[in-house]
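**Student:** Below is the structure I would like to discuss, written out as structure tokens.
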Amino acid sequence: SQQGEEDPQALSIQEGENATMNCSYKTSINNLQWYRQNSGRGLVHLILIRSNEREKHSGRLRVTLDTSKKSSSLLITASRAADTASYFCATFRIQGAQKLVFGQGTRLTINP
Amino acid sequence: KAGVTQTPRYLIKTRGQQVTLSCSPISGHRSVSWYQQTPGQGLQFLFEYFSETQRNKGNFPGRFSGRQFSNSRSEMNVSTLELGDSALYLCASSLGPLSTGNTIYFGEGSWLTVV
């Protein structure tokens with residue numbers, strides 16, 4: 001299966017609530033990046049967390065990384081309608097064929 | 001500073017034809033990578049170029065090729081188009097190679113429809 005898998009695949013919450021998305025990966029990484037994609041558009045970089053970091057914040061975003069469990073989570077606090085988008089994690093696989101691997105993404109819907 | 005620019009944004013091609021997509025990276029960025037996004041397969045890595053050399057390649061047939069010019073601009077070409085090649089093709093740039101862990105910035109993509 002593909003490295004970098006997000007869950008849930010879809011998440012629908014009310015505006016103002018917090019949204020948490022998870023990402024798992026299989027091989028060793030040097031960093032993990034989270035991206036947002038509005039329908040049919042390019043990916044917008046949200047945050048990069050390196051393998052020696054455990055937590056990182058950027059505005060309403062909080063990312064954690066647990067290399068022992070090969071997992072990461074993205075928390076969006078106080079969600080807004082504009083946060084409605086798909087969210088992807090991406091890791092650069094450094095073992096075997098080196099390439100950037102994306103998860104299937106979480107489709108987040110914020111209901112007003 | 002201008003972002004990653006991709007052209008054309010939309011195009012329709014017929015099976016068997018070929019297509020060339022263009023990407024201008026952020027000024028100063030020397031790494032360009034390409035991705036294919038489809039509803040069924042999601043985001044898949046095509047290839048990466050750095051300093052005019054292909055560094056890594058994804059699992060795509062030889063019909064998919066690319067190149068990078070001395071000014072870091074890149075093109076990707078798909079020959080003998082198939083219906084399954086219909087997708088959003090995304091280009092991304094970063095300061096250094098993907099392996100160095102630099103932040104990667106994406107363009108808006110080129111929508112290719114093969115009929």
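In the structure tokens, chains take letters A, B, ... by order of appearance, with residues numbered from 1 within each chain and ligands from 1 in the order shown.
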Check every residue of chain B for an atom within 9 Å of chain A, counting only C-alpha atoms, and provide those that qualify as a PyMOL selection string.

**Tutor:** chain B and resi 41-48+55-58+88+90-91+98-109+111

**Student:** Extract, using only C-alpha atoms, all DNA, RNA and protein residues at most 10 Å from Val32 in chain B, discarding same-chain residues fewer than 3 positions from it, and format them as a ChimeraX atom specification.

**Tutor:** /B:4,23-26,29,47-52,54,67-68,72-75,91-98,104-106

**Student:** So which one's closest to Asn22 in chain A, A:Leu61, A:Ala82, A:Ile110, A:Leu74? Using only C-alpha atoms, please.

**Tutor:**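 Of A:Leu61, A:Ala82, A:Ile110, A:Leu74, the one nearest Asn22 in chain A is A:Leu74, counting only C-alpha atoms.
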
**Student:** Just the strand (DSSP E or B) stuff from chain A, please, per backbone DSSP, written as a ChimeraX atom specification.

**Tutor:** /A:5-7,10-14,19-24,31-37,43-50,55-58,61-66,71-76,85-93,99-102,106-111

**Student:** List the neighbours of Thr14 in chain B out to 10 Å using only C-alpha atoms; skip same-chain residues closer than 5 positions along the sequence, and give me the result as an MDAnalysis selection string.

**Tutor:** chainID B and resid 19 80:83 113:115
